[in-house]
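Asker: After the structure tokens below, expect a handful of questions from me.
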Amino acid sequence: MYDVDELLEAKRQIDSTLHKIREVVKTLEAKENPSRYKSQLTLAKRRLKAFGIANQLIEDKLAELENSHGSH
């Protein structure tokens with residue numbers, strides 16, 4: 001499937017993307033009339049959730065690989 005290095009790189013990319021999306025959310029929420037940006041905020045928050053799930057799954061897989069290698 002994927003090796004540890006590929007998973008770690010994917011996690012780094014997701015972490016970077018999460019950071020950027022959080023900044024977008026902060027910027028939009030700080031606007032004078034944030035309700036004008038409701039759809040963009042909704043999309044950004046959905047992306048945060050999706051990338052958060054992906055990150056958790058990668059972390060779970062990394063832990064699983066670590067445990068399987070450590071027990072042999």
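Chain identifiers are assigned as A, B, and so on, following the order in which chains appear in the structure tokens; residues are numbered from 1 within each chain, and ligands are numbered from 1 in order of appearance.
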Would you kindly return, as a ChimeraX atom specification, each protein, DNA or RNA residue with an atom no farther than 9 Å from any atom of Asp15 in chain A, considering only C-alpha atoms and excluding same-chain residues fewer than 4 positions away?

Answerer: /A:10-11,19-20,51-52,55

Asker: Go ahead and save the picked residues with N, CA, C and O atoms, as a compact mmCIF listing (two decimals), in the first residue's frame.

Answerer:
# COMPACT_ATOMS: atom_id res chain seq x y z
N ALA A 10 2.59 12.75 3.17
CA ALA A 10 1.17 13.10 3.02
C ALA A 10 0.70 13.88 4.24
O ALA A 10 -0.01 14.90 4.12
N LYS A 11 1.11 13.44 5.42
CA LYS A 11 0.72 14.13 6.66
C LYS A 11 1.30 15.54 6.70
O LYS A 11 0.61 16.49 7.09
N HIS A 19 -3.18 24.34 8.00
CA HIS A 19 -2.73 25.64 8.49
C HIS A 19 -3.25 26.75 7.58
O HIS A 19 -3.79 27.77 8.06
N LYS A 20 -3.12 26.57 6.28
CA LYS A 20 -3.57 27.59 5.32
C LYS A 20 -5.08 27.79 5.41
O LYS A 20 -5.56 28.93 5.37
N PHE A 51 -9.88 17.15 5.91
CA PHE A 51 -8.44 16.97 6.06
C PHE A 51 -8.08 16.48 7.46
O PHE A 51 -7.13 15.73 7.63
N GLY A 52 -8.85 16.90 8.45
CA GLY A 52 -8.64 16.40 9.81
C GLY A 52 -8.87 14.90 9.90
O GLY A 52 -8.10 14.18 10.54
N ASN A 55 -5.99 13.17 8.15
CA ASN A 55 -4.81 13.20 9.01
C ASN A 55 -4.89 12.14 10.10
O ASN A 55 -3.91 11.45 10.39

Asker: Run DSSP on the backbone of this structure and report the residues of chain A it assigns to alpha helix (DSSP H), as a short mmCIF file (atom, residue, chain, number, x, y, z; two decimals) with all heavy atoms, in the first residue's frame.

Answerer:
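Result saved to result20.cif:
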data_model
loop_
_atom_site.label_atom_id
_atom_site.label_comp_id
_atom_site.auth_asym_id
_atom_site.auth_seq_id
_atom_site.Cartn_x
_atom_site.Cartn_y
_atom_site.Cartn_z
N VAL A 4 5.99 4.15 5.08
CA VAL A 4 6.00 5.16 6.15
C VAL A 4 6.39 6.53 5.60
O VAL A 4 5.76 7.54 5.95
CB VAL A 4 6.95 4.72 7.30
CG1 VAL A 4 7.14 5.84 8.31
CG2 VAL A 4 6.40 3.48 7.99
N ASP A 5 7.39 6.58 4.74
CA ASP A 5 7.82 7.87 4.20
C ASP A 5 6.72 8.56 3.41
O ASP A 5 6.53 9.77 3.51
CB ASP A 5 9.07 7.70 3.32
CG ASP A 5 10.31 7.37 4.13
OD1 ASP A 5 10.34 7.70 5.34
OD2 ASP A 5 11.24 6.79 3.56
N GLU A 6 5.97 7.78 2.61
CA GLU A 6 4.86 8.35 1.84
C GLU A 6 3.77 8.89 2.77
O GLU A 6 3.21 9.96 2.54
CB GLU A 6 4.26 7.31 0.90
CG GLU A 6 5.17 6.94 -0.25
CD GLU A 6 4.65 5.78 -1.05
OE1 GLU A 6 4.21 4.77 -0.45
OE2 GLU A 6 4.66 5.88 -2.29
N LEU A 7 3.48 8.14 3.83
CA LEU A 7 2.47 8.57 4.79
C LEU A 7 2.90 9.83 5.53
O LEU A 7 2.11 10.75 5.74
CB LEU A 7 2.15 7.44 5.78
CG LEU A 7 1.43 6.23 5.18
CD1 LEU A 7 1.37 5.10 6.20
CD2 LEU A 7 0.04 6.60 4.70
N LEU A 8 4.17 9.87 5.92
CA LEU A 8 4.69 11.05 6.62
C LEU A 8 4.65 12.29 5.72
O LEU A 8 4.30 13.38 6.17
CB LEU A 8 6.11 10.81 7.13
CG LEU A 8 6.23 9.85 8.31
CD1 LEU A 8 7.69 9.51 8.58
CD2 LEU A 8 5.57 10.44 9.56
N GLU A 9 5.00 12.11 4.44
CA GLU A 9 4.95 13.24 3.50
C GLU A 9 3.50 13.69 3.29
O GLU A 9 3.22 14.90 3.26
CB GLU A 9 5.59 12.86 2.17
CG GLU A 9 5.56 13.99 1.14
CD GLU A 9 6.22 15.29 1.60
OE1 GLU A 9 7.13 15.26 2.45
OE2 GLU A 9 5.81 16.36 1.09
N ALA A 10 2.59 12.75 3.17
CA ALA A 10 1.17 13.10 3.02
C ALA A 10 0.70 13.88 4.24
O ALA A 10 -0.01 14.90 4.12
CB ALA A 10 0.33 11.84 2.82
N LYS A 11 1.11 13.44 5.42
CA LYS A 11 0.72 14.13 6.66
C LYS A 11 1.30 15.54 6.70
O LYS A 11 0.61 16.49 7.09
CB LYS A 11 1.19 13.32 7.87
CG LYS A 11 0.71 13.92 9.19
CD LYS A 11 0.93 13.00 10.34
CE LYS A 11 0.64 13.62 11.68
NZ LYS A 11 0.09 14.95 11.71
N ARG A 12 2.54 15.71 6.26
CA ARG A 12 3.15 17.06 6.21
C ARG A 12 2.35 17.96 5.27
O ARG A 12 2.10 19.13 5.59
CB ARG A 12 4.61 16.98 5.73
CG ARG A 12 5.60 16.73 6.83
CD ARG A 12 7.04 16.93 6.36
NE ARG A 12 7.47 15.93 5.40
CZ ARG A 12 7.94 14.73 5.73
NH1 ARG A 12 8.05 14.38 6.99
NH2 ARG A 12 8.31 13.87 4.80
N GLN A 13 1.96 17.42 4.13
CA GLN A 13 1.20 18.22 3.17
C GLN A 13 -0.17 18.60 3.74
O GLN A 13 -0.63 19.72 3.58
CB GLN A 13 1.04 17.46 1.85
CG GLN A 13 2.34 17.25 1.11
CD GLN A 13 3.05 18.54 0.78
OE1 GLN A 13 2.44 19.55 0.43
NE2 GLN A 13 4.37 18.55 0.92
N ILE A 14 -0.81 17.66 4.39
CA ILE A 14 -2.12 17.92 4.99
C ILE A 14 -1.99 18.94 6.11
O ILE A 14 -2.79 19.87 6.22
CB ILE A 14 -2.78 16.61 5.48
CG1 ILE A 14 -3.20 15.77 4.28
CG2 ILE A 14 -3.97 16.91 6.39
CD1 ILE A 14 -3.66 14.37 4.62
N ASP A 15 -0.96 18.80 6.95
CA ASP A 15 -0.74 19.77 8.03
C ASP A 15 -0.57 21.18 7.46
O ASP A 15 -1.13 22.14 7.99
CB ASP A 15 0.50 19.40 8.86
CG ASP A 15 0.25 18.20 9.77
OD1 ASP A 15 -0.93 17.90 10.07
OD2 ASP A 15 1.25 17.57 10.18
N SER A 16 0.18 21.29 6.37
CA SER A 16 0.39 22.59 5.72
C SER A 16 -0.93 23.14 5.20
O SER A 16 -1.25 24.33 5.38
CB SER A 16 1.40 22.43 4.59
OG SER A 16 1.49 23.62 3.84
N THR A 17 -1.70 22.29 4.54
CA THR A 17 -2.99 22.71 4.00
C THR A 17 -3.95 23.11 5.12
O THR A 17 -4.66 24.12 5.01
CB THR A 17 -3.60 21.59 3.13
OG1 THR A 17 -2.67 21.29 2.08
CG2 THR A 17 -4.92 22.00 2.54
N LEU A 18 -3.97 22.35 6.20
CA LEU A 18 -4.81 22.69 7.35
C LEU A 18 -4.46 24.07 7.89
O LEU A 18 -5.34 24.87 8.19
CB LEU A 18 -4.67 21.63 8.46
CG LEU A 18 -5.46 20.35 8.27
CD1 LEU A 18 -5.00 19.29 9.26
CD2 LEU A 18 -6.95 20.59 8.41
N HIS A 19 -3.18 24.34 8.00
CA HIS A 19 -2.73 25.64 8.49
C HIS A 19 -3.25 26.75 7.58
O HIS A 19 -3.79 27.77 8.06
CB HIS A 19 -1.20 25.68 8.57
CG HIS A 19 -0.66 27.02 8.95
ND1 HIS A 19 -0.76 27.52 10.22
CD2 HIS A 19 -0.06 27.97 8.21
CE1 HIS A 19 -0.22 28.74 10.24
NE2 HIS A 19 0.20 29.02 9.03
N LYS A 20 -3.12 26.57 6.28
CA LYS A 20 -3.57 27.59 5.32
C LYS A 20 -5.08 27.79 5.41
O LYS A 20 -5.56 28.93 5.37
CB LYS A 20 -3.15 27.20 3.90
CG LYS A 20 -1.66 27.30 3.69
CD LYS A 20 -1.24 26.75 2.34
CE LYS A 20 0.27 26.74 2.24
NZ LYS A 20 0.75 25.96 1.09
N ILE A 21 -5.82 26.70 5.51
CA ILE A 21 -7.28 26.82 5.58
C ILE A 21 -7.70 27.52 6.88
O ILE A 21 -8.61 28.34 6.88
CB ILE A 21 -7.97 25.44 5.44
CG1 ILE A 21 -7.67 24.84 4.06
CG2 ILE A 21 -9.47 25.57 5.64
CD1 ILE A 21 -8.12 23.38 3.92
N ARG A 22 -7.02 27.19 7.99
CA ARG A 22 -7.34 27.88 9.26
C ARG A 22 -7.12 29.38 9.13
O ARG A 22 -7.87 30.18 9.67
CB ARG A 22 -6.49 27.31 10.40
CG ARG A 22 -6.98 25.96 10.88
CD ARG A 22 -6.23 25.50 12.13
NE ARG A 22 -6.44 24.10 12.35
CZ ARG A 22 -5.54 23.14 12.10
NH1 ARG A 22 -4.34 23.45 11.66
NH2 ARG A 22 -5.83 21.88 12.31
N GLU A 23 -6.06 29.76 8.42
CA GLU A 23 -5.78 31.18 8.20
C GLU A 23 -6.88 31.83 7.37
O GLU A 23 -7.29 32.96 7.62
CB GLU A 23 -4.41 31.38 7.53
CG GLU A 23 -3.24 31.01 8.43
CD GLU A 23 -3.20 31.81 9.72
OE1 GLU A 23 -3.32 33.05 9.67
OE2 GLU A 23 -3.05 31.19 10.79
N VAL A 24 -7.36 31.11 6.36
CA VAL A 24 -8.46 31.61 5.53
C VAL A 24 -9.70 31.83 6.39
O VAL A 24 -10.37 32.87 6.29
CB VAL A 24 -8.77 30.64 4.36
CG1 VAL A 24 -10.10 30.97 3.70
CG2 VAL A 24 -7.65 30.66 3.33
N VAL A 25 -10.01 30.85 7.25
CA VAL A 25 -11.18 30.97 8.13
C VAL A 25 -11.03 32.20 9.02
O VAL A 25 -11.97 33.00 9.15
CB VAL A 25 -11.39 29.68 8.97
CG1 VAL A 25 -12.42 29.91 10.08
CG2 VAL A 25 -11.81 28.52 8.07
N LYS A 26 -9.85 32.37 9.62
CA LYS A 26 -9.62 33.54 10.49
C LYS A 26 -9.83 34.84 9.72
O LYS A 26 -10.46 35.77 10.21
CB LYS A 26 -8.19 33.53 11.04
CG LYS A 26 -7.98 32.67 12.25
CD LYS A 26 -6.60 32.95 12.82
CE LYS A 26 -5.93 31.67 13.24
NZ LYS A 26 -4.53 31.83 13.58
N THR A 27 -9.27 34.90 8.52
CA THR A 27 -9.38 36.10 7.69
C THR A 27 -10.84 36.39 7.36
O THR A 27 -11.30 37.53 7.49
CB THR A 27 -8.56 35.93 6.39
OG1 THR A 27 -7.20 35.73 6.74
CG2 THR A 27 -8.69 37.15 5.49
N LEU A 28 -11.57 35.38 6.94
CA LEU A 28 -12.98 35.58 6.57
C LEU A 28 -13.82 35.97 7.77
O LEU A 28 -14.68 36.84 7.67
CB LEU A 28 -13.54 34.32 5.90
CG LEU A 28 -12.98 33.98 4.52
CD1 LEU A 28 -13.52 32.64 4.03
CD2 LEU A 28 -13.29 35.08 3.51
N GLU A 29 -13.55 35.34 8.91
CA GLU A 29 -14.32 35.67 10.12
C GLU A 29 -14.02 37.07 10.63
O GLU A 29 -14.83 37.68 11.32
CB GLU A 29 -14.07 34.63 11.21
CG GLU A 29 -14.73 33.30 10.90
CD GLU A 29 -14.49 32.22 11.94
OE1 GLU A 29 -13.49 32.32 12.70
OE2 GLU A 29 -15.27 31.27 11.96
N ALA A 30 -12.83 37.59 10.30
CA ALA A 30 -12.44 38.92 10.76
C ALA A 30 -12.94 40.03 9.83
O ALA A 30 -12.83 41.21 10.16
CB ALA A 30 -10.92 39.00 10.86
N LYS A 38 -20.37 33.54 4.01
CA LYS A 38 -20.91 32.32 4.62
C LYS A 38 -20.58 31.07 3.83
O LYS A 38 -20.14 30.06 4.38
CB LYS A 38 -22.43 32.47 4.78
CG LYS A 38 -23.08 31.37 5.59
CD LYS A 38 -24.57 31.66 5.75
CE LYS A 38 -25.34 30.75 6.64
NZ LYS A 38 -25.03 29.38 6.71
N SER A 39 -20.75 31.12 2.50
CA SER A 39 -20.50 29.91 1.70
C SER A 39 -19.01 29.54 1.70
O SER A 39 -18.66 28.37 1.79
CB SER A 39 -21.03 30.06 0.27
OG SER A 39 -20.38 31.13 -0.38
N GLN A 40 -18.13 30.56 1.62
CA GLN A 40 -16.69 30.28 1.66
C GLN A 40 -16.28 29.71 3.02
O GLN A 40 -15.45 28.81 3.10
CB GLN A 40 -15.87 31.54 1.37
CG GLN A 40 -15.96 32.02 -0.06
CD GLN A 40 -16.99 33.13 -0.24
OE1 GLN A 40 -18.06 33.09 0.36
NE2 GLN A 40 -16.67 34.11 -1.06
N LEU A 41 -16.88 30.26 4.09
CA LEU A 41 -16.58 29.76 5.43
C LEU A 41 -17.07 28.32 5.60
O LEU A 41 -16.36 27.48 6.15
CB LEU A 41 -17.23 30.64 6.50
CG LEU A 41 -16.44 31.88 6.90
CD1 LEU A 41 -17.30 32.86 7.67
CD2 LEU A 41 -15.22 31.47 7.73
N THR A 42 -18.26 28.04 5.09
CA THR A 42 -18.80 26.68 5.17
C THR A 42 -17.88 25.72 4.44
O THR A 42 -17.54 24.64 4.96
CB THR A 42 -20.22 26.63 4.58
OG1 THR A 42 -21.06 27.49 5.34
CG2 THR A 42 -20.78 25.22 4.60
N LEU A 43 -17.46 26.09 3.23
CA LEU A 43 -16.56 25.24 2.45
C LEU A 43 -15.23 25.03 3.18
O LEU A 43 -14.75 23.90 3.29
CB LEU A 43 -16.31 25.87 1.08
CG LEU A 43 -15.36 25.11 0.15
CD1 LEU A 43 -15.90 23.72 -0.17
CD2 LEU A 43 -15.12 25.90 -1.11
N ALA A 44 -14.66 26.10 3.71
CA ALA A 44 -13.38 26.00 4.41
C ALA A 44 -13.51 25.09 5.63
O ALA A 44 -12.64 24.25 5.89
CB ALA A 44 -12.88 27.38 4.82
N LYS A 45 -14.61 25.23 6.37
CA LYS A 45 -14.80 24.40 7.56
C LYS A 45 -15.02 22.93 7.19
O LYS A 45 -14.54 22.04 7.89
CB LYS A 45 -15.95 24.95 8.41
CG LYS A 45 -15.55 26.25 9.10
CD LYS A 45 -16.69 26.88 9.86
CE LYS A 45 -16.22 28.19 10.52
NZ LYS A 45 -17.29 28.83 11.27
N ARG A 46 -15.69 22.68 6.09
CA ARG A 46 -15.85 21.30 5.62
C ARG A 46 -14.52 20.71 5.21
O ARG A 46 -14.23 19.54 5.44
CB ARG A 46 -16.84 21.25 4.44
CG ARG A 46 -18.27 21.43 4.87
CD ARG A 46 -19.21 21.36 3.70
NE ARG A 46 -20.58 21.58 4.14
CZ ARG A 46 -21.57 21.95 3.36
NH1 ARG A 46 -21.36 22.14 2.06
NH2 ARG A 46 -22.78 22.12 3.83
N ARG A 47 -13.69 21.53 4.58
CA ARG A 47 -12.35 21.07 4.19
C ARG A 47 -11.50 20.78 5.42
O ARG A 47 -10.76 19.79 5.44
CB ARG A 47 -11.68 22.09 3.29
CG ARG A 47 -12.27 22.10 1.90
CD ARG A 47 -11.63 23.14 1.01
NE ARG A 47 -12.14 22.99 -0.34
CZ ARG A 47 -12.01 23.91 -1.28
NH1 ARG A 47 -11.38 25.04 -1.03
NH2 ARG A 47 -12.51 23.70 -2.48
N LEU A 48 -11.61 21.64 6.44
CA LEU A 48 -10.88 21.39 7.69
C LEU A 48 -11.27 20.03 8.26
O LEU A 48 -10.42 19.25 8.69
CB LEU A 48 -11.16 22.48 8.72
CG LEU A 48 -10.45 23.81 8.54
CD1 LEU A 48 -10.96 24.83 9.56
CD2 LEU A 48 -8.95 23.65 8.66
N LYS A 49 -12.57 19.75 8.27
CA LYS A 49 -13.07 18.49 8.81
C LYS A 49 -12.53 17.31 7.99
O LYS A 49 -12.03 16.33 8.54
CB LYS A 49 -14.60 18.51 8.81
CG LYS A 49 -15.25 17.28 9.36
CD LYS A 49 -15.16 17.24 10.85
CE LYS A 49 -16.02 16.12 11.40
NZ LYS A 49 -15.79 15.92 12.81
N ALA A 50 -12.62 17.43 6.66
CA ALA A 50 -12.18 16.34 5.78
C ALA A 50 -10.68 16.08 5.92
O ALA A 50 -10.24 14.93 6.05
CB ALA A 50 -12.52 16.66 4.33
N PHE A 51 -9.88 17.15 5.91
CA PHE A 51 -8.44 16.97 6.06
C PHE A 51 -8.08 16.48 7.46
O PHE A 51 -7.13 15.73 7.63
CB PHE A 51 -7.68 18.27 5.74
CG PHE A 51 -7.51 18.51 4.26
CD1 PHE A 51 -8.09 19.61 3.66
CD2 PHE A 51 -6.78 17.64 3.47
CE1 PHE A 51 -7.93 19.85 2.30
CE2 PHE A 51 -6.61 17.86 2.11
CZ PHE A 51 -7.19 18.96 1.52
N GLY A 52 -8.85 16.90 8.45
CA GLY A 52 -8.64 16.40 9.81
C GLY A 52 -8.87 14.90 9.90
O GLY A 52 -8.10 14.18 10.54
N ILE A 53 -9.91 14.43 9.22
CA ILE A 53 -10.19 12.98 9.18
C ILE A 53 -9.06 12.26 8.48
O ILE A 53 -8.56 11.23 8.97
CB ILE A 53 -11.54 12.71 8.49
CG1 ILE A 53 -12.70 13.21 9.37
CG2 ILE A 53 -11.70 11.23 8.15
CD1 ILE A 53 -14.04 13.25 8.66
N ALA A 54 -8.63 12.78 7.33
CA ALA A 54 -7.54 12.15 6.59
C ALA A 54 -6.28 12.08 7.44
O ALA A 54 -5.59 11.05 7.46
CB ALA A 54 -7.27 12.93 5.30
N ASN A 55 -5.99 13.17 8.15
CA ASN A 55 -4.81 13.20 9.01
C ASN A 55 -4.89 12.14 10.10
O ASN A 55 -3.91 11.45 10.39
CB ASN A 55 -4.68 14.59 9.64
CG ASN A 55 -3.30 15.16 9.52
OD1 ASN A 55 -2.43 14.60 8.87
ND2 ASN A 55 -3.09 16.29 10.14
N GLN A 56 -6.06 12.01 10.70
CA GLN A 56 -6.25 11.01 11.76
C GLN A 56 -6.06 9.60 11.22
O GLN A 56 -5.43 8.76 11.85
CB GLN A 56 -7.64 11.15 12.40
CG GLN A 56 -7.85 10.22 13.59
CD GLN A 56 -6.85 10.48 14.71
OE1 GLN A 56 -6.79 11.58 15.22
NE2 GLN A 56 -6.07 9.48 15.09
N LEU A 57 -6.58 9.34 10.03
CA LEU A 57 -6.43 8.02 9.43
C LEU A 57 -4.96 7.72 9.13
O LEU A 57 -4.50 6.60 9.33
CB LEU A 57 -7.28 7.91 8.16
CG LEU A 57 -8.79 7.93 8.39
CD1 LEU A 57 -9.54 8.02 7.07
CD2 LEU A 57 -9.24 6.71 9.17
N ILE A 58 -4.23 8.73 8.66
CA ILE A 58 -2.79 8.55 8.42
C ILE A 58 -2.08 8.26 9.74
O ILE A 58 -1.24 7.34 9.81
CB ILE A 58 -2.19 9.78 7.72
CG1 ILE A 58 -2.70 9.86 6.28
CG2 ILE A 58 -0.66 9.73 7.74
CD1 ILE A 58 -2.34 11.16 5.56
N GLU A 59 -2.41 9.02 10.78
CA GLU A 59 -1.78 8.78 12.09
C GLU A 59 -2.09 7.37 12.59
O GLU A 59 -1.20 6.70 13.13
CB GLU A 59 -2.25 9.83 13.09
CG GLU A 59 -1.68 11.20 12.83
CD GLU A 59 -2.28 12.29 13.72
OE1 GLU A 59 -2.99 11.97 14.69
OE2 GLU A 59 -2.03 13.47 13.43
N ASP A 60 -3.33 6.94 12.40
CA ASP A 60 -3.71 5.58 12.82
C ASP A 60 -2.89 4.54 12.07
O ASP A 60 -2.41 3.57 12.65
CB ASP A 60 -5.20 5.33 12.59
CG ASP A 60 -6.09 6.17 13.50
OD1 ASP A 60 -5.57 6.82 14.45
OD2 ASP A 60 -7.32 6.19 13.25
N LYS A 61 -2.74 4.73 10.76
CA LYS A 61 -1.99 3.78 9.93
C LYS A 61 -0.51 3.77 10.33
O LYS A 61 0.12 2.71 10.41
CB LYS A 61 -2.15 4.12 8.45
CG LYS A 61 -1.53 3.12 7.52
CD LYS A 61 -2.20 1.77 7.65
CE LYS A 61 -1.61 0.77 6.67
NZ LYS A 61 -2.20 -0.56 6.82
N LEU A 62 0.04 4.95 10.60
CA LEU A 62 1.44 5.03 11.04
C LEU A 62 1.63 4.28 12.36
O LEU A 62 2.62 3.55 12.52
CB LEU A 62 1.89 6.49 11.17
CG LEU A 62 2.17 7.23 9.87
CD1 LEU A 62 2.27 8.72 10.11
CD2 LEU A 62 3.43 6.70 9.21
N ALA A 63 0.71 4.45 13.29
CA ALA A 63 0.79 3.75 14.58
C ALA A 63 0.69 2.24 14.36
O ALA A 63 1.42 1.46 14.99
CB ALA A 63 -0.31 4.24 15.51
N GLU A 64 -0.22 1.85 13.47
CA GLU A 64 -0.39 0.42 13.16
C GLU A 64 0.90 -0.16 12.57
O GLU A 64 1.34 -1.24 12.97
CB GLU A 64 -1.53 0.30 12.15
CG GLU A 64 -1.90 -1.09 11.73
CD GLU A 64 -2.97 -1.06 10.63
OE1 GLU A 64 -4.01 -0.41 10.84
OE2 GLU A 64 -2.73 -1.67 9.57
N LEU A 65 1.51 0.58 11.64
CA LEU A 65 2.77 0.11 11.04
C LEU A 65 3.88 0.04 12.08
O LEU A 65 4.67 -0.90 12.09
CB LEU A 65 3.19 1.04 9.89
CG LEU A 65 2.34 0.98 8.62
CD1 LEU A 65 2.72 2.09 7.66
CD2 LEU A 65 2.47 -0.38 7.95
N GLU A 66 3.93 1.04 12.95
CA GLU A 66 4.95 1.07 14.01
C GLU A 66 4.79 -0.13 14.94
O GLU A 66 5.75 -0.79 15.29
CB GLU A 66 4.82 2.38 14.78
CG GLU A 66 5.97 2.66 15.72
CD GLU A 66 5.82 4.01 16.39
OE1 GLU A 66 6.10 5.03 15.73
OE2 GLU A 66 5.42 4.04 17.57
N ASN A 67 3.56 -0.42 15.31
CA ASN A 67 3.28 -1.55 16.20
C ASN A 67 3.58 -2.89 15.54
O ASN A 67 4.10 -3.79 16.17
CB ASN A 67 1.83 -1.52 16.69
CG ASN A 67 1.58 -0.38 17.66
OD1 ASN A 67 2.51 0.11 18.29
ND2 ASN A 67 0.35 0.06 17.75
N SER A 68 3.28 -3.01 14.26
CA SER A 68 3.53 -4.28 13.57
C SER A 68 5.02 -4.52 13.35
O SER A 68 5.48 -5.64 13.41
CB SER A 68 2.77 -4.35 12.24
OG SER A 68 3.31 -3.44 11.31
N HIS A 69 5.77 -3.44 13.13
CA HIS A 69 7.22 -3.60 12.96
C HIS A 69 7.91 -3.82 14.30
O HIS A 69 8.89 -4.53 14.38
CB HIS A 69 7.81 -2.37 12.26
CG HIS A 69 7.48 -2.28 10.81
ND1 HIS A 69 6.81 -3.25 10.13
CD2 HIS A 69 7.73 -1.31 9.90
CE1 HIS A 69 6.67 -2.89 8.86
NE2 HIS A 69 7.20 -1.72 8.70
N GLY A 70 7.38 -3.17 15.33
CA GLY A 70 7.99 -3.28 16.65
C GLY A 70 7.79 -4.65 17.29
O GLY A 70 8.58 -5.07 18.13
#
